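J.: What follows is the file start-v3.txt, containing compact mmCIF, C-alpha atoms:
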```
# COMPACT_ATOMS: atom_id res chain seq x y z
CA MET A 1 7.47 0.86 -42.08
CA SER A 2 6.30 -0.64 -45.36
CA ARG A 3 5.95 -4.42 -45.60
CA THR A 4 8.64 -4.42 -48.28
CA LEU A 5 11.13 -2.68 -46.01
CA LEU A 6 10.34 -5.04 -43.14
CA ARG A 7 10.91 -8.05 -45.37
CA HIS A 8 14.15 -6.58 -46.66
CA LEU A 9 15.55 -5.86 -43.20
CA THR A 10 14.60 -9.31 -41.94
CA ALA A 11 16.38 -10.82 -44.92
CA THR A 12 19.38 -8.53 -44.40
CA ILE A 13 19.78 -9.64 -40.80
CA ALA A 14 19.32 -13.30 -41.69
CA VAL A 15 21.89 -13.14 -44.50
CA ALA A 16 24.33 -11.27 -42.28
CA LEU A 17 24.03 -13.96 -39.62
CA LEU A 18 24.63 -16.71 -42.17
CA VAL A 19 27.66 -14.91 -43.59
CA VAL A 20 29.16 -14.32 -40.16
CA GLU A 21 28.41 -17.90 -39.07
CA ALA A 22 30.10 -19.30 -42.15
CA ALA A 23 33.13 -17.04 -41.76
CA ALA A 24 33.60 -17.58 -38.03
CA PRO A 25 35.65 -20.83 -38.11
CA ALA A 26 38.11 -19.38 -40.61
CA ALA A 27 38.43 -16.23 -38.53
CA ALA A 28 39.05 -18.24 -35.40
CA ARG A 29 41.93 -20.08 -37.09
CA THR A 30 43.71 -16.84 -37.97
CA PRO A 31 46.17 -16.03 -35.17
CA GLU A 32 46.02 -12.27 -35.63
CA SER A 33 42.20 -12.16 -35.67
CA PRO A 34 40.54 -11.54 -32.29
CA ALA A 35 38.00 -14.11 -31.16
CA PRO A 36 34.41 -13.03 -31.83
CA GLY A 37 32.12 -12.01 -29.01
CA GLY A 38 28.40 -11.78 -28.53
CA VAL A 39 25.52 -9.69 -27.22
CA ARG A 40 22.61 -10.80 -25.07
CA THR A 41 19.45 -8.94 -24.10
CA VAL A 42 15.76 -9.50 -23.37
CA VAL A 43 12.91 -7.86 -25.29
CA ARG A 44 9.89 -6.84 -23.20
CA ASP A 45 6.71 -4.82 -23.49
CA ALA A 46 7.43 -1.48 -21.82
CA ALA A 47 4.03 -1.28 -20.15
CA THR A 48 3.51 -4.86 -18.96
CA GLY A 49 7.02 -6.30 -18.80
CA ALA A 50 5.86 -9.33 -20.77
CA PRO A 51 8.45 -10.87 -23.11
CA VAL A 52 8.13 -10.00 -26.81
CA PRO A 53 9.19 -12.84 -29.13
CA ARG A 54 10.61 -12.59 -32.65
CA ALA A 55 11.76 -8.98 -32.43
CA CYS A 56 14.99 -8.58 -34.41
CA ALA A 57 17.98 -6.39 -33.57
CA ALA A 58 20.72 -5.04 -35.80
CA LEU A 59 24.07 -4.27 -34.17
CA VAL A 60 24.98 -1.01 -35.86
CA PRO A 61 28.67 -0.09 -35.55
CA VAL A 62 29.64 3.16 -33.87
CA ASP A 63 32.85 3.36 -35.89
CA ALA A 64 32.32 5.49 -38.99
CA ALA A 65 34.54 3.30 -41.17
CA ALA A 66 32.53 0.19 -40.27
CA LEU A 67 29.29 2.07 -40.90
CA ALA A 68 30.58 3.02 -44.36
CA ALA A 69 31.13 -0.66 -45.26
CA VAL A 70 27.82 -0.71 -47.10
CA THR A 71 27.18 -1.59 -50.71
CA LEU A 72 24.48 -1.76 -53.36
CA GLY A 73 21.00 -2.33 -51.94
CA GLU A 74 22.15 -2.36 -48.30
CA ASP A 75 21.05 -0.39 -45.25
CA GLN A 76 23.59 1.11 -42.89
CA LEU A 77 22.83 -1.54 -40.29
CA GLY A 78 26.17 -3.30 -40.04
CA ARG A 79 26.80 -7.04 -40.42
CA TYR A 80 25.53 -8.52 -37.16
CA GLY A 81 22.15 -9.13 -35.58
CA GLY A 82 19.72 -11.62 -34.12
CA CYS A 83 16.09 -12.23 -33.25
CA ALA A 84 14.38 -12.94 -29.92
CA ASP A 85 13.08 -16.40 -29.07
CA GLU A 86 9.63 -17.13 -27.65
CA LEU A 87 10.79 -15.94 -24.20
CA GLY A 88 12.04 -12.65 -25.60
CA VAL A 89 15.69 -13.63 -25.18
CA LEU A 90 17.83 -12.22 -27.97
CA VAL A 91 21.40 -13.44 -28.46
CA SER A 92 23.75 -12.42 -31.26
CA THR A 93 26.90 -14.50 -31.65
CA ASN A 94 30.10 -14.34 -33.72
CA VAL A 95 30.20 -10.55 -33.45
CA ALA A 96 33.48 -8.83 -34.22
CA PRO A 97 34.83 -6.96 -31.17
CA GLY A 98 33.94 -3.29 -31.24
CA ARG A 99 31.31 -0.75 -30.21
CA TYR A 100 27.71 -1.05 -31.37
CA ARG A 101 24.25 0.44 -30.96
CA LEU A 102 21.13 -1.72 -31.21
CA LEU A 103 18.25 -0.95 -33.54
CA VAL A 104 15.28 -3.20 -32.74
CA ARG A 105 12.50 -4.02 -35.17
CA PRO A 106 9.46 -5.78 -33.67
CA TYR A 107 7.84 -8.57 -35.64
CA ASP A 108 4.39 -7.01 -35.15
CA THR A 109 4.74 -3.29 -35.84
CA THR A 110 1.02 -2.73 -35.25
CA THR A 111 1.65 -3.46 -31.56
CA HIS A 112 5.18 -2.19 -31.00
CA GLY A 113 7.38 0.35 -32.74
CA TRP A 114 11.00 0.41 -33.84
CA GLN A 115 13.56 1.80 -31.45
CA TRP A 116 17.19 2.51 -30.90
CA VAL A 117 17.90 0.91 -27.52
CA GLY A 118 18.71 3.31 -24.71
CA ARG A 119 19.82 2.53 -21.19
CA HIS A 120 16.30 2.88 -19.76
CA GLY A 121 14.06 2.75 -22.83
CA GLY A 122 13.81 3.49 -26.50
CA THR A 123 14.87 6.49 -28.56
CA GLY A 124 14.56 7.51 -32.20
CA ASP A 125 17.98 9.16 -32.19
CA ARG A 126 20.87 6.84 -32.95
CA GLU A 127 23.31 9.10 -31.14
CA ARG A 128 21.31 8.76 -27.90
CA ALA A 129 21.29 4.96 -28.00
CA GLN A 130 23.36 3.04 -25.47
CA VAL A 131 26.77 2.01 -26.80
CA VAL A 132 27.51 -1.67 -26.23
CA GLN A 133 31.16 -2.76 -26.10
CA VAL A 134 31.65 -6.25 -27.53
CA ARG A 135 34.85 -7.90 -26.30
CA ALA A 136 36.73 -10.83 -27.75
CA GLY A 137 35.51 -14.19 -26.48
CA ALA A 138 32.82 -12.72 -24.20
CA VAL A 139 29.06 -12.24 -24.29
CA THR A 140 28.06 -8.69 -23.33
CA ASP A 141 24.73 -7.89 -21.69
CA ALA A 142 22.95 -5.05 -23.47
CA PRO A 143 20.20 -3.00 -21.79
CA THR A 144 16.79 -4.65 -21.66
CA VAL A 145 14.73 -3.68 -24.71
CA ARG A 146 11.43 -2.07 -23.65
CA LEU A 147 9.12 -1.76 -26.64
CA ASP A 148 6.50 0.98 -26.84
CA PRO A 149 3.39 1.29 -29.06
CA PRO A 150 3.98 2.54 -32.62
CA GLY A 151 3.12 5.75 -34.40
CA THR A 152 3.16 7.02 -37.97
CA ILE A 153 4.80 9.81 -39.98
CA VAL A 154 3.23 11.26 -43.13
CA GLY A 155 4.25 14.17 -45.28
CA VAL A 156 4.89 15.72 -48.67
CA VAL A 157 8.27 16.11 -50.36
CA THR A 158 8.68 19.05 -52.72
CA ASP A 159 11.31 20.70 -54.89
CA ALA A 160 12.57 23.72 -52.92
CA ALA A 161 13.05 25.79 -56.08
CA THR A 162 9.68 25.19 -57.71
CA GLY A 163 7.40 23.89 -54.96
CA ALA A 164 6.45 20.96 -57.21
CA PRO A 165 5.92 17.55 -55.59
CA VAL A 166 8.84 15.14 -55.91
CA ASN A 167 7.87 11.68 -57.11
CA ARG A 168 9.79 8.57 -55.99
CA ALA A 169 11.82 10.37 -53.33
CA LEU A 170 13.33 7.98 -50.79
CA VAL A 171 12.30 8.52 -47.17
CA MET A 172 14.54 6.81 -44.61
CA VAL A 173 15.15 6.53 -40.88
CA VAL A 174 18.09 4.22 -41.74
CA PRO A 175 20.08 5.43 -44.78
CA TYR A 176 20.65 2.88 -47.51
CA VAL A 177 22.29 2.57 -50.91
CA PRO A 178 19.49 2.28 -53.49
CA HIS A 179 19.70 -0.41 -56.14
CA PRO A 180 18.96 0.87 -59.67
CA LYS A 181 17.05 -2.32 -60.55
CA TYR A 182 15.43 -3.39 -57.27
CA ASP A 183 13.99 -0.08 -56.12
CA ASP A 184 11.11 -1.27 -53.91
CA HIS A 185 13.19 -1.15 -50.75
CA GLY A 186 11.16 1.14 -48.53
CA PRO A 187 8.89 4.18 -48.32
CA THR A 188 8.95 6.40 -51.40
CA THR A 189 6.79 9.32 -52.40
CA ASP A 190 3.93 8.98 -54.85
CA GLU A 191 3.30 11.30 -57.80
CA ASP A 192 1.85 13.87 -55.41
CA GLY A 193 5.01 13.78 -53.29
CA ARG A 194 3.24 12.04 -50.39
CA TYR A 195 4.75 9.33 -48.22
CA THR A 196 3.90 7.29 -45.12
CA ILE A 197 6.19 5.63 -42.57
CA THR A 198 4.51 3.32 -40.06
CA GLY A 199 5.72 1.28 -37.11
CA LEU A 200 8.04 3.79 -35.41
CA GLY A 201 8.34 3.99 -31.65
CA PRO A 202 7.00 7.14 -29.90
CA TYR A 203 10.20 9.14 -29.89
CA HIS A 204 11.92 11.93 -31.80
CA TRP A 205 13.14 10.57 -35.16
CA PRO A 206 15.50 12.26 -37.64
CA VAL A 207 14.49 11.35 -41.20
CA GLN A 208 16.58 11.39 -44.37
CA PHE A 209 15.21 12.32 -47.83
CA ALA A 210 16.84 11.63 -51.20
CA ALA A 211 15.73 12.16 -54.80
CA TYR A 212 17.39 12.15 -58.20
CA GLY A 213 18.88 15.50 -59.20
CA LEU A 214 18.42 17.07 -55.76
CA ALA A 215 20.49 17.20 -52.60
CA THR A 216 20.03 14.48 -49.98
CA VAL A 217 18.96 16.09 -46.70
CA TRP A 218 17.93 15.24 -43.18
CA SER A 219 14.71 16.61 -41.70
CA GLY A 220 15.03 20.36 -41.41
CA GLY A 221 16.86 20.57 -44.73
CA VAL A 222 20.36 19.96 -43.35
CA GLY A 223 23.15 17.70 -44.54
CA SER A 224 24.04 16.05 -41.23
CA ARG A 225 22.14 13.74 -38.90
CA GLN A 226 23.63 15.67 -36.00
CA GLN A 227 21.95 18.88 -37.17
CA ALA A 228 18.63 17.30 -38.13
CA ARG A 229 15.32 18.57 -36.78
CA PRO A 230 13.66 15.37 -35.53
CA VAL A 231 9.94 14.74 -35.85
CA ARG A 232 8.04 13.78 -32.71
CA VAL A 233 6.19 10.48 -33.11
CA ARG A 234 3.42 9.69 -30.61
CA ALA A 235 1.90 6.31 -29.87
CA HIS A 236 -1.12 5.47 -32.08
CA GLN A 237 -1.00 8.94 -33.64
CA THR A 238 0.13 10.42 -36.94
CA ALA A 239 2.81 13.12 -37.14
CA THR A 240 3.34 15.30 -40.20
CA LEU A 241 6.79 16.01 -41.63
CA ASN A 242 6.97 17.91 -44.92
CA GLN A 243 10.33 18.46 -46.56
CA ALA A 244 11.58 20.62 -49.43
CA LEU A 245 14.67 19.34 -51.26
CA PRO A 246 17.19 21.94 -52.47
CA ALA A 247 19.15 21.67 -55.70
CA GLY A 248 22.43 21.74 -53.81
CA ILE A 249 25.92 22.24 -55.22
CA PRO A 250 27.19 19.94 -58.01
CA LEU A 251 29.99 17.56 -57.09
CA GLY A 252 31.09 15.31 -59.91
CA GLY A 253 33.87 14.26 -62.19
CA ALA A 254 35.17 11.75 -64.68
CA VAL A 255 35.43 8.02 -64.09
CA VAL A 256 38.21 6.26 -66.00
CA VAL A 257 37.90 2.49 -65.82
CA ASP A 258 38.89 -0.42 -68.04
CA GLU A 259 35.57 -2.25 -67.58
CA LEU A 260 32.63 -0.52 -65.91
CA ALA A 261 30.59 -2.56 -63.44
CA THR A 262 26.97 -3.25 -64.38
CA TYR A 263 25.76 -1.09 -61.51
CA ALA A 264 28.50 1.48 -60.99
CA GLN A 265 28.05 4.12 -58.31
CA VAL A 266 29.91 6.88 -56.52
CA ILE A 267 28.87 7.17 -52.88
CA ALA A 268 29.40 10.16 -50.58
CA PHE A 269 29.68 9.56 -46.83
CA ASP A 270 29.58 12.17 -44.08
CA ALA A 271 33.26 12.57 -43.15
CA ALA A 272 32.51 12.74 -39.41
CA THR A 273 29.72 10.20 -38.89
CA GLY A 274 29.98 7.80 -41.86
CA ASP A 275 26.32 8.37 -42.72
CA LEU A 276 25.35 8.19 -46.38
CA ALA A 277 25.25 11.68 -47.83
CA GLY A 278 24.49 10.93 -51.48
CA VAL A 279 24.62 8.25 -54.17
CA ALA A 280 25.10 8.78 -57.90
CA ASP A 281 25.10 6.32 -60.80
CA ALA A 282 28.43 6.34 -62.61
CA GLY A 283 29.42 5.84 -66.23
CA SER A 284 32.20 7.83 -67.82
CA ALA A 285 31.22 10.48 -65.26
CA TYR A 286 29.04 10.93 -62.18
CA ALA A 287 27.10 13.81 -60.63
CA LEU A 288 26.13 14.28 -56.99
CA ARG A 289 24.28 17.15 -55.34
CA LEU A 290 25.39 18.22 -51.86
CA LEU A 291 24.88 21.17 -49.53
CA PRO A 292 27.38 23.96 -48.91
CA GLY A 293 29.42 23.24 -45.79
CA GLN A 294 29.24 19.46 -46.05
CA ARG A 295 32.46 17.46 -45.65
CA VAL A 296 32.28 14.09 -47.35
CA LYS A 297 34.45 11.14 -48.25
CA LEU A 298 33.93 9.62 -51.69
CA ARG A 299 34.04 5.99 -52.82
CA CYS A 300 33.74 4.72 -56.38
CA ASP A 301 32.13 1.27 -56.70
CA CYS A 302 32.74 1.37 -60.42
CA ALA A 303 34.71 -1.73 -61.46
CA TYR A 304 34.70 -5.49 -61.00
CA ALA A 305 37.29 -4.98 -58.28
CA PRO A 306 37.39 -3.65 -54.71
CA PRO A 307 35.93 -0.15 -54.29
CA VAL A 308 38.26 2.81 -54.74
CA TRP A 309 38.33 5.68 -52.23
CA HIS A 310 39.21 9.25 -53.22
CA ARG A 311 42.93 9.62 -53.90
CA ASP A 312 43.36 5.83 -53.81
CA ALA A 313 43.08 5.76 -50.03
CA ALA A 314 43.17 2.42 -48.22
CA GLY A 315 39.71 2.96 -46.76
CA PHE A 316 37.29 5.39 -45.16
CA ASP A 317 39.67 6.53 -42.44
CA ALA A 318 42.46 7.34 -44.89
CA ALA A 319 40.26 8.95 -47.56
CA THR A 320 40.70 12.68 -48.10
CA PRO A 321 37.62 14.68 -47.06
CA VAL A 322 36.09 16.95 -49.68
CA ARG A 323 34.61 20.25 -48.53
CA VAL A 324 31.58 21.48 -50.44
CA ARG A 325 31.50 25.25 -50.86
CA ARG A 326 29.41 27.54 -53.08
CA ALA A 327 31.07 26.57 -56.35
CA PRO A 328 30.88 23.20 -58.13
CA VAL A 329 33.42 20.62 -57.00
CA VAL A 330 35.31 18.26 -59.30
CA VAL A 331 36.72 14.94 -58.10
CA ASP A 332 37.86 12.46 -60.74
CA PHE A 333 38.41 8.72 -60.32
CA ASN A 334 41.02 6.84 -62.35
CA LEU A 335 40.63 3.07 -61.89
CA ASP A 336 43.01 2.03 -64.70
```
What does this structure look like when you write it as structure tokens?

T.:
Amino acid sequence: MSRTLLRHLTATIAVALLVVEAAAPAAARTPESPAPGGVRTVVRDAATGAPVPRACAALVPVDAAALAAVTLGEDQLGRYGGCADELGVLVSTNVAPGRYRLLVRPYDTTTHGWQWVGRHGGTGDRERAQVVQVRAGAVTDAPTVRLDPPGTIVGVVTDAATGAPVNRALVMVVPYVPHPKYDDHGPTTDEDGRYTITGLGPYHWPVQFAAYGLATVWSGGVGSRQQARPVRVRAHQTATLNQALPAGIPLGGAVVVDELATYAQVIAFDAATGDLAGVADAGSAYALRLLPGQRVKLRCDCAYAPPVWHRDAAGFDAATPVRVRRAPVVVDFNLD
């Protein structure tokens, strides 16, 4: 991964821990709120068994609604995490009860690579990671983290219609909501459409690509992580993953709001998984590009007020899915 992305994720985990820590006493005093739990594991070198200090883990929720609780400039990593001490012991406290998967980021990505934590080793596929059940008032033991050497992915992103390179395309193994002002979050393509992702464990990784005016796709040109064609990363080697981005089908509409937020956005989430499927800046209108067959749930972060889900739903679970077909789709938001 780029140094910028590593710094951002470290900061994200640290801020999340501070927020949770600060909120924990209030939550504990609320009778209807379940007591928080925790997760404990040990981070080791897969080959030697030696402890690996300072590796950080994000507890990524399995629940799609919790995964969709992401906002401007954030990765879909959830709100909880922790970092290993000098003995490789990693403990995350004040975690809301629920089901999580662990994504581990080593401090030194020249020695070890990222991984989703499986029962007996790492994986690049979130869906193959071990699910950890956090229970109220208890500390749950997660599988031991066994870190492998890193590898690299390089490639070129092009426009599927013209074959031209796509500049400033986002390349992600963890989807995130881009910030219009602070856009140095992670790997992006250069003016020749080239990108590089370093520090990934030697597994099969699905990769997401996004660019302005084109559909957001997973590797293989599909709209769902579950259908993605993963790229095989090998230790100390470089894999190539080129991707063409299709124009997609327009999905857009009007946004009626009394006072528009400074950074207003409409976000599309995969209706089944909660993964980000597209992000569009919003003014009096917005315009997304999606693939035929996708089912998404839409949220408008457009006012200085809580976000609004399609058809004024209470949240992700209640939001009405929108099916993308071959014709343009219109979904309006009225926030008055």

J.: For Arg135 (chain A), which residue out of A:Ala285, A:Leu102, A:Ala69, A:Val95 is the nearest one, using all atoms listed in the file?

T.: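 Of all the options, A:Val95 lies closest to Arg135 (chain A).
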
J.: Find, counting all atoms listed in the file, the residue in A:Val222, A:Val233, A:Leu67, A:Ala160 that gets nearest to Pro175 (chain A).

T.: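 When distances to Pro175 (chain A) are compared using all atoms listed in the file, the smallest one comes from A:Leu67.
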
J.: Out of A:Arg40, A:Arg194, A:Lys181, A:Arg295, which residue has the shortest atom-to-atom distance to Ser224 (chain A) when counting only C-alpha atoms?

T.: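 Looking at the shortest contact to Ser224 (chain A), the residue is A:Arg295.
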
J.: Provide the CA of Asp85 (chain A) to CA of Val52 (chain A) distance in Å, to one decimal place.

T.: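 Calculated distance between CA of Asp85 (chain A) and CA of Val52 (chain A) is 8.4 Å.
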
J.: From the options A:Val279, A:Ile267, A:Ala169, A:Ala57, which residue's atoms come nearest to Arg105 (chain A), counting all atoms listed in the file?

T.: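 Under the stated criterion, the closest residue is A:Ala57.
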
J.: CA of Lys297 (chain A) and CA of Arg79 (chain A) are how many Å apart?

T.: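 Taking CA of Lys297 (chain A) and CA of Arg79 (chain A), their separation equals 21.2 Å.
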
J.: Between A:Val117, A:Ala129, A:Thr71, A:Gly38, which is the closest to Cys300 (chain A) once you count all atoms listed in the file?

T.: A:Thr71

J.: I'd like to know which of A:Val104, A:Val145, A:Ala138, A:Val296 is closest to Val329 (chain A), using all atoms listed in the file.

T.: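 Among the listed residues, A:Val296 lies closest to Val329 (chain A).
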
J.: Can you measure CA of Asp317 (chain A) to CA of Asp125 (chain A) for me? One decimal in Å is fine.

T.: 24.1 Å

J.: Within 6 Å of (3.1, 3.8, -32.5), only C-alpha atoms: residues as a list in words?

T.: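 These residues have at least one counted atom within 6 Å: Gly113, Pro149, Pro150, Gly151, Gly199, Leu200, Gly201, Pro202, Ala235 and His236 of chain A.
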
J.: Would you list the contacts of Tyr182 (chain A) as a list in words, taking every protein, DNA or RNA residue within 12 Å and counting only C-alpha atoms, but skipping same-chain residues closer than 3 positions in sequence?

T.: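 Near neighbours after the sequence-gap exclusion: Thr4, His8, Leu72, Gly73, Glu74, Val177, Pro178, His179, His185, Gly186 and Tyr263 of chain A.
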
J.: Mind dumping the selected residues with C-alpha atoms as an mmCIF file, in the frame of the given file?

T.:
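Below is the file that was written, selection_24.cif:
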```
data_model
loop_
_atom_site.group_PDB
_atom_site.id
_atom_site.type_symbol
_atom_site.label_atom_id
_atom_site.label_comp_id
_atom_site.auth_asym_id
_atom_site.auth_seq_id
_atom_site.Cartn_x
_atom_site.Cartn_y
_atom_site.Cartn_z
ATOM 1 C CA THR A 4 8.640 -4.420 -48.280
ATOM 2 C CA HIS A 8 14.150 -6.580 -46.660
ATOM 3 C CA LEU A 72 24.480 -1.760 -53.360
ATOM 4 C CA GLY A 73 21.000 -2.330 -51.940
ATOM 5 C CA GLU A 74 22.150 -2.360 -48.300
ATOM 6 C CA VAL A 177 22.290 2.570 -50.910
ATOM 7 C CA PRO A 178 19.490 2.280 -53.490
ATOM 8 C CA HIS A 179 19.700 -0.410 -56.140
ATOM 9 C CA HIS A 185 13.190 -1.150 -50.750
ATOM 10 C CA GLY A 186 11.160 1.140 -48.530
ATOM 11 C CA TYR A 263 25.760 -1.090 -61.510
#
```

J.: Name the residues in contact with His204 (chain A) at a cut-off of 8 Å, using only C-alpha atoms, excluding same-chain residues fewer than 5 positions from it; report them as a VMD selection string.

T.: chain A and resid 123 to 125 230 to 233

J.: Please save C-alpha atoms of the selected residues as a compact mmCIF listing (two decimals), in the coordinates of the input.

T.:
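So the final result, stored in result_21.txt, reads:
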```txt
# COMPACT_ATOMS: atom_id res chain seq x y z
CA THR A 123 14.87 6.49 -28.56
CA GLY A 124 14.56 7.51 -32.20
CA ASP A 125 17.98 9.16 -32.19
CA PRO A 230 13.66 15.37 -35.53
CA VAL A 231 9.94 14.74 -35.85
CA ARG A 232 8.04 13.78 -32.71
CA VAL A 233 6.19 10.48 -33.11
```

J.: Extract, using all atoms listed in the file, all DNA, RNA and protein residues at most 10 Å from Gly49 (chain A), discarding same-chain residues fewer than 4 positions from it, and format them as a PyMOL selection string.

T.: chain A and resi 43-45+146-147

J.: Export, as a CSV table (one decimal), in the coordinates of the input, the selected residues with C-alpha atoms.

T.:
```
chain,number,residue,atom,x,y,z
A,43,VAL,CA,12.9,-7.9,-25.3
A,44,ARG,CA,9.9,-6.8,-23.2
A,45,ASP,CA,6.7,-4.8,-23.5
A,146,ARG,CA,11.4,-2.1,-23.6
A,147,LEU,CA,9.1,-1.8,-26.6
```
